[in-house]
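Everything below belongs to target_25.cif, which stores mmCIF, C-alpha atoms and all ligand atoms.
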data_upload
loop_
_atom_site.group_PDB
_atom_site.id
_atom_site.type_symbol
_atom_site.label_atom_id
_atom_site.label_comp_id
_atom_site.auth_asym_id
_atom_site.auth_seq_id
_atom_site.Cartn_x
_atom_site.Cartn_y
_atom_site.Cartn_z
ATOM 1 C CA MET A 1 -18.663 10.801 -11.938
ATOM 2 C CA SER A 2 -15.143 9.524 -11.596
ATOM 3 C CA GLN A 3 -12.006 11.579 -12.050
ATOM 4 C CA LEU A 4 -9.600 10.251 -14.651
ATOM 5 C CA LYS A 5 -5.944 10.434 -13.812
ATOM 6 C CA TYR A 6 -2.763 9.634 -15.664
ATOM 7 C CA CYS A 7 -0.420 6.777 -14.930
ATOM 8 C CA GLN A 8 2.675 8.285 -13.311
ATOM 9 C CA GLY A 9 5.069 5.866 -15.021
ATOM 10 C CA PRO A 10 7.596 8.049 -16.894
ATOM 11 C CA ARG A 11 7.778 5.554 -19.772
ATOM 12 C CA CYS A 12 4.096 4.547 -19.915
ATOM 13 C CA HIS A 13 3.647 6.119 -23.363
ATOM 14 C CA THR A 14 6.563 4.103 -24.780
ATOM 15 C CA TYR A 15 4.827 0.745 -24.351
ATOM 16 C CA ASP A 16 3.085 0.016 -27.623
ATOM 17 C CA THR A 17 -0.429 -1.206 -26.865
ATOM 18 C CA LYS A 18 -3.712 -0.580 -28.628
ATOM 19 C CA ASP A 19 -5.274 1.292 -25.695
ATOM 20 C CA ARG A 20 -2.437 3.849 -25.672
ATOM 21 C CA LYS A 21 -2.895 4.790 -29.348
ATOM 22 C CA ARG A 22 -4.508 8.152 -30.119
ATOM 23 C CA GLY A 23 -4.928 10.441 -33.099
ATOM 24 C CA PRO A 24 -5.930 10.087 -36.778
ATOM 25 C CA LYS A 25 -4.482 7.428 -39.046
ATOM 26 C CA ASP A 26 -1.818 9.686 -40.575
ATOM 27 C CA ASN A 27 -0.719 11.104 -37.196
ATOM 28 C CA LYS A 28 -0.806 8.206 -34.749
ATOM 29 C CA ARG A 29 0.764 8.630 -31.361
ATOM 30 C CA ASN A 30 0.927 6.719 -28.078
ATOM 31 C CA GLU A 31 -0.160 8.443 -24.893
ATOM 32 C CA THR A 32 0.190 7.786 -21.180
ATOM 33 C CA ARG A 33 -2.661 5.624 -19.897
ATOM 34 C CA ARG A 34 -5.531 7.450 -18.219
ATOM 35 C CA ARG A 35 -7.963 5.672 -15.886
ATOM 36 C CA SER A 36 -10.235 6.317 -12.933
ATOM 37 C CA SER A 37 -8.101 4.040 -10.762
ATOM 38 C CA PHE A 38 -4.825 2.147 -10.864
ATOM 39 C CA TYR A 39 -3.646 -0.853 -8.928
ATOM 40 C CA TYR A 40 0.100 -0.169 -8.637
ATOM 41 C CA LEU A 41 2.275 2.465 -6.946
ATOM 42 C CA ASN A 42 -0.378 3.150 -4.350
ATOM 43 C CA GLY A 43 -2.985 3.758 -7.062
ATOM 44 C CA ASN A 44 -0.766 5.811 -9.370
ATOM 45 C CA ALA A 45 0.645 3.398 -11.963
ATOM 46 C CA CYS A 46 -1.123 1.218 -14.516
ATOM 47 C CA SER A 47 1.267 -1.726 -14.329
ATOM 48 C CA MET A 48 4.115 -3.229 -12.371
ATOM 49 C CA GLN A 49 6.445 -2.137 -15.201
ATOM 50 C CA CYS A 50 5.301 1.497 -14.864
ATOM 51 C CA MET A 51 5.736 1.255 -11.084
ATOM 52 C CA TYR A 52 9.338 0.035 -11.502
ATOM 53 C CA ASP A 53 9.986 2.717 -14.144
ATOM 54 C CA TRP A 54 8.820 5.353 -11.684
ATOM 55 C CA PHE A 55 11.059 3.942 -8.957
ATOM 56 C CA ASN A 56 14.084 3.742 -11.264
ATOM 57 C CA VAL A 57 13.734 7.434 -12.126
ATOM 58 C CA TYR A 58 12.467 8.893 -8.835
ATOM 59 C CA GLY A 59 13.176 6.343 -6.085
ATOM 60 C CA SER A 60 16.580 7.593 -4.988
ATOM 61 C CA ARG A 61 15.353 11.207 -5.102
ATOM 62 C CA ALA A 62 12.444 10.206 -2.854
ATOM 63 C CA LEU A 63 14.893 8.630 -0.398
ATOM 64 C CA GLN A 64 17.004 11.784 -0.434
ATOM 65 C CA HIS A 65 13.903 13.880 0.150
ATOM 66 C CA PHE A 66 12.452 11.821 3.017
ATOM 67 C CA GLY A 67 15.768 10.726 4.466
ATOM 68 C CA TYR A 68 17.740 7.496 4.516
ATOM 69 C CA LEU A 69 17.806 5.241 7.556
ATOM 70 C CA THR A 70 21.090 5.880 9.341
ATOM 71 C CA GLN A 71 20.550 3.342 12.113
ATOM 72 C CA PRO A 72 18.507 0.150 12.338
ATOM 73 C CA ARG A 73 14.848 0.269 13.228
ATOM 74 C CA VAL A 74 14.118 -2.061 16.113
ATOM 75 C CA LEU A 75 11.174 -4.242 17.050
ATOM 76 C CA THR A 76 10.901 -4.605 20.808
ATOM 77 C CA ARG A 77 8.131 -5.806 23.104
ATOM 78 C CA ASP A 78 6.840 -2.213 23.143
ATOM 79 C CA ASN A 79 6.091 -1.984 19.414
ATOM 80 C CA ALA A 80 5.381 -5.628 18.566
ATOM 81 C CA TRP A 81 1.584 -5.410 19.007
ATOM 82 C CA ARG A 82 -0.843 -6.350 16.238
ATOM 83 C CA LYS A 83 -4.610 -6.662 16.196
ATOM 84 C CA ARG A 84 -6.013 -10.108 15.539
ATOM 85 C CA TYR A 85 -9.280 -11.915 15.616
ATOM 86 C CA ASP A 86 -10.391 -15.510 15.575
ATOM 87 C CA TRP A 87 -13.455 -16.047 13.491
ATOM 88 C CA ASN A 88 -16.102 -18.103 15.170
ATOM 89 C CA ARG A 89 -18.957 -19.854 13.384
ATOM 90 C CA ASP A 90 -21.507 -18.946 16.068
ATOM 91 C CA GLY A 91 -20.809 -15.216 15.620
ATOM 92 C CA ASN A 92 -18.756 -14.793 18.779
ATOM 93 C CA ASP A 93 -15.531 -13.728 17.060
ATOM 94 C CA ARG A 94 -12.677 -13.197 19.496
ATOM 95 C CA HIS A 95 -10.842 -9.871 19.065
ATOM 96 C CA TYR A 96 -7.513 -9.319 20.756
ATOM 97 C CA VAL A 97 -4.121 -7.667 20.528
ATOM 98 C CA TYR A 98 -1.146 -9.967 20.151
ATOM 99 C CA ASN A 99 2.499 -9.303 20.917
ATOM 100 C CA TYR A 100 4.824 -10.944 18.393
ATOM 101 C CA LEU A 101 7.791 -11.039 20.742
ATOM 102 C CA THR A 102 6.203 -12.032 24.033
ATOM 103 C CA GLU A 103 3.200 -13.887 22.519
ATOM 104 C CA GLU A 104 0.996 -12.107 25.049
ATOM 105 C CA GLN A 105 -2.684 -11.737 24.140
ATOM 106 C CA ARG A 106 -5.088 -9.153 25.526
ATOM 107 C CA PRO A 107 -8.799 -9.089 24.651
ATOM 108 C CA ILE A 108 -10.241 -5.983 22.958
ATOM 109 C CA THR A 109 -13.750 -5.144 21.851
ATOM 110 C CA GLU A 110 -14.865 -5.459 18.246
ATOM 111 C CA GLN A 111 -15.255 -1.666 18.220
ATOM 112 C CA GLN A 112 -11.632 -1.191 19.273
ATOM 113 C CA TYR A 113 -10.603 -3.675 16.596
ATOM 114 C CA ASN A 114 -12.508 -1.808 13.863
ATOM 115 C CA ASN A 115 -11.688 1.806 14.705
ATOM 116 C CA ASP A 116 -7.900 1.364 14.941
ATOM 117 C CA SER A 117 -7.785 2.615 18.532
ATOM 118 C CA ALA A 118 -6.055 -0.446 19.998
ATOM 119 C CA VAL A 119 -2.675 -0.340 18.240
ATOM 120 C CA THR A 120 -0.797 2.583 16.686
ATOM 121 C CA ASP A 121 0.597 2.429 13.136
ATOM 122 C CA ASP A 122 4.045 1.689 14.531
ATOM 123 C CA GLY A 123 2.837 -1.238 16.626
ATOM 124 C CA ARG A 124 2.469 0.365 20.055
ATOM 125 C CA LEU A 125 -0.406 -0.494 22.352
ATOM 126 C CA ALA A 126 -2.806 2.457 22.611
ATOM 127 C CA ILE A 127 -5.297 1.120 25.154
HETATM 128 ZN ZN ZN B 1 1.531 3.204 -17.140
#
Once more with this new file: its structure as structure tokens, please.
Ligand SMILES: [Zn+2]
Amino acid sequence: MSQLKYCQGPRCHTYDTKDRKRGPKDNKRNETRRRSSFYYLNGNACSMQCMYDWFNVYGSRALQHFGYLTQPRVLTRDNAWRKRYDWNRDGNDRHYVYNYLTEEQRPITEQQYNNDSAVTDDGRLAI
């Protein structure tokens, strides 16, 4: 059983397509698309157009709500870590963390690679 949800594009219903049409012949109307999943706007919009429509209406309000950057964000050697692996035909894949600024590599286990424990979301080494 999958939950249907509506596209969050504020103008979705204004795009005239067959799948948006509802109602009897003498009282046709277009409705917002409703699906179990969407690809755009982090799973909330049915198309790139609906995603842009959402941003045009709500984007600046979202920035006001969550706050504008008032100074540059900075990538330094401390937050330049990413997880990587080299696939190997014989099954001995090499997992490691890699620093984009220093090009340093440190081996990690496959378990550390898979459970996100090696690097934080903001690129800091957590091991
Ligand atoms: Zn839509």
Check your understanding: On this structure, which residues satisfy the PyMOL selection byres (((chain A and resi 29) around 12) and not hetatm), written as a PyMOL selection string?
Key -> chain A and resi 13-28+30-32
Could you expand the PyMOL selection byres (((not hetatm)) within 10 of (chain B and resi 1)) into the explicit residues it covers here, written as an mmCIF file with C-alpha atoms, keeping the file's coordinate frame?
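Contents of the output file out06.cif:
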data_model
loop_
_atom_site.group_PDB
_atom_site.id
_atom_site.type_symbol
_atom_site.label_atom_id
_atom_site.label_comp_id
_atom_site.auth_asym_id
_atom_site.auth_seq_id
_atom_site.Cartn_x
_atom_site.Cartn_y
_atom_site.Cartn_z
ATOM 1 C CA TYR A 6 -2.763 9.634 -15.664
ATOM 2 C CA CYS A 7 -0.420 6.777 -14.930
ATOM 3 C CA GLN A 8 2.675 8.285 -13.311
ATOM 4 C CA GLY A 9 5.069 5.866 -15.021
ATOM 5 C CA PRO A 10 7.596 8.049 -16.894
ATOM 6 C CA ARG A 11 7.778 5.554 -19.772
ATOM 7 C CA CYS A 12 4.096 4.547 -19.915
ATOM 8 C CA HIS A 13 3.647 6.119 -23.363
ATOM 9 C CA THR A 14 6.563 4.103 -24.780
ATOM 10 C CA TYR A 15 4.827 0.745 -24.351
ATOM 11 C CA ARG A 20 -2.437 3.849 -25.672
ATOM 12 C CA GLU A 31 -0.160 8.443 -24.893
ATOM 13 C CA THR A 32 0.190 7.786 -21.180
ATOM 14 C CA ARG A 33 -2.661 5.624 -19.897
ATOM 15 C CA ARG A 34 -5.531 7.450 -18.219
ATOM 16 C CA ARG A 35 -7.963 5.672 -15.886
ATOM 17 C CA PHE A 38 -4.825 2.147 -10.864
ATOM 18 C CA TYR A 40 0.100 -0.169 -8.637
ATOM 19 C CA ASN A 44 -0.766 5.811 -9.370
ATOM 20 C CA ALA A 45 0.645 3.398 -11.963
ATOM 21 C CA CYS A 46 -1.123 1.218 -14.516
ATOM 22 C CA SER A 47 1.267 -1.726 -14.329
ATOM 23 C CA MET A 48 4.115 -3.229 -12.371
ATOM 24 C CA GLN A 49 6.445 -2.137 -15.201
ATOM 25 C CA CYS A 50 5.301 1.497 -14.864
ATOM 26 C CA MET A 51 5.736 1.255 -11.084
ATOM 27 C CA ASP A 53 9.986 2.717 -14.144
ATOM 28 C CA TRP A 54 8.820 5.353 -11.684
#
Practice item. For Ile127 of chain A, please output as an MDAnalysis selection string all residues within 9 Å (counting all atoms listed in the file; exclusion window: fewer than 4 positions along the same chain). Key: chainID A and resid 108 112 117:119
Practice item. Enumerate, as a VMD selection string, the residues matched when the PyMOL selection byres (((chain A and resi 79) around 8) and not hetatm) is run on the file above. Key: chain A and resid 75 to 78 80 to 81 122 to 125
Point to revise | Which of A:Thr120, A:Gln71, A:Thr102, A:Ser60 sits closest to Lys83 of chain A [using all atoms listed in the file] | key: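 Between A:Thr120, A:Gln71, A:Thr102, A:Ser60, the residue approaching Lys83 of chain A most closely is A:Thr120.
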Exercise for review: Between A:Ala126, A:Leu41, A:Tyr58, A:Arg82, single out the one closest to Tyr100 of chain A, counting all atoms listed in the file.
Suggested key: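 Looking only at the distances to Tyr100 of chain A, the closest residue turns out to be A:Arg82.
Note that atom CA of Tyr52 of chain A and atom CA of Ser37 of chain A are 17.9 Å apart.
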Exercise for review: Just the residues within 7 Å of Tyr96 of chain A, please, counting only C-alpha atoms, with nothing from its chain fewer than 4 positions along; format it as a list of chain:residue names.
Suggested key: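 Contacts, in chain order: A:Lys83, A:Arg84, A:Tyr85, A:Gln105, A:Arg106, A:Pro107, A:Ile108.
Rounded to one decimal, atom CA of Gly43 of chain A and atom CA of Ala62 of chain A lie 17.2 Å from each other.
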Quick one: axis-aligned box around all listed atoms of segment 66-79 of chain A, 3 Å on every side, centre and edge lengths in Å to one decimal, written as lines of an AutoDock Vina configuration file.
center_x = 13.6
center_y = 3.0
center_z = 13.1
size_x = 21.0
size_y = 23.6
size_z = 26.1
Practice item. In Å, rounded to a single decimal, give me how far atom CA of Asp86 of chain A is from atom CA of Thr109 of chain A. Key: 12.6 Å
Review point. Any idea what's packed within 7 Å of Glu110 of chain A, counting all atoms listed in the file, ignoring anything in its chain fewer than 3 positions away? Could you give it as JSON, numbers by chain?
Key: {"A": [95, 113, 114]}
Export of the given selection (C-alpha atoms) as a PDB file, keeping the file's coordinate frame:
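File written: part-v5.pdb
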ATOM      1  CA  HIS A  95     -10.842  -9.871  19.065  1.00  0.00           C
ATOM      2  CA  TYR A 113     -10.603  -3.675  16.596  1.00  0.00           C
ATOM      3  CA  ASN A 114     -12.508  -1.808  13.863  1.00  0.00           C
TER       4      ASN A 114
END
**Study point:** Counting all atoms listed in the file, the residue of A:Val57, A:Gly91, A:Gln3, A:Leu101 that sits nearest Val74 of chain A
**Key:**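 Going through A:Val57, A:Gly91, A:Gln3, A:Leu101 one by one, the smallest distance to Val74 of chain A is for A:Leu101.
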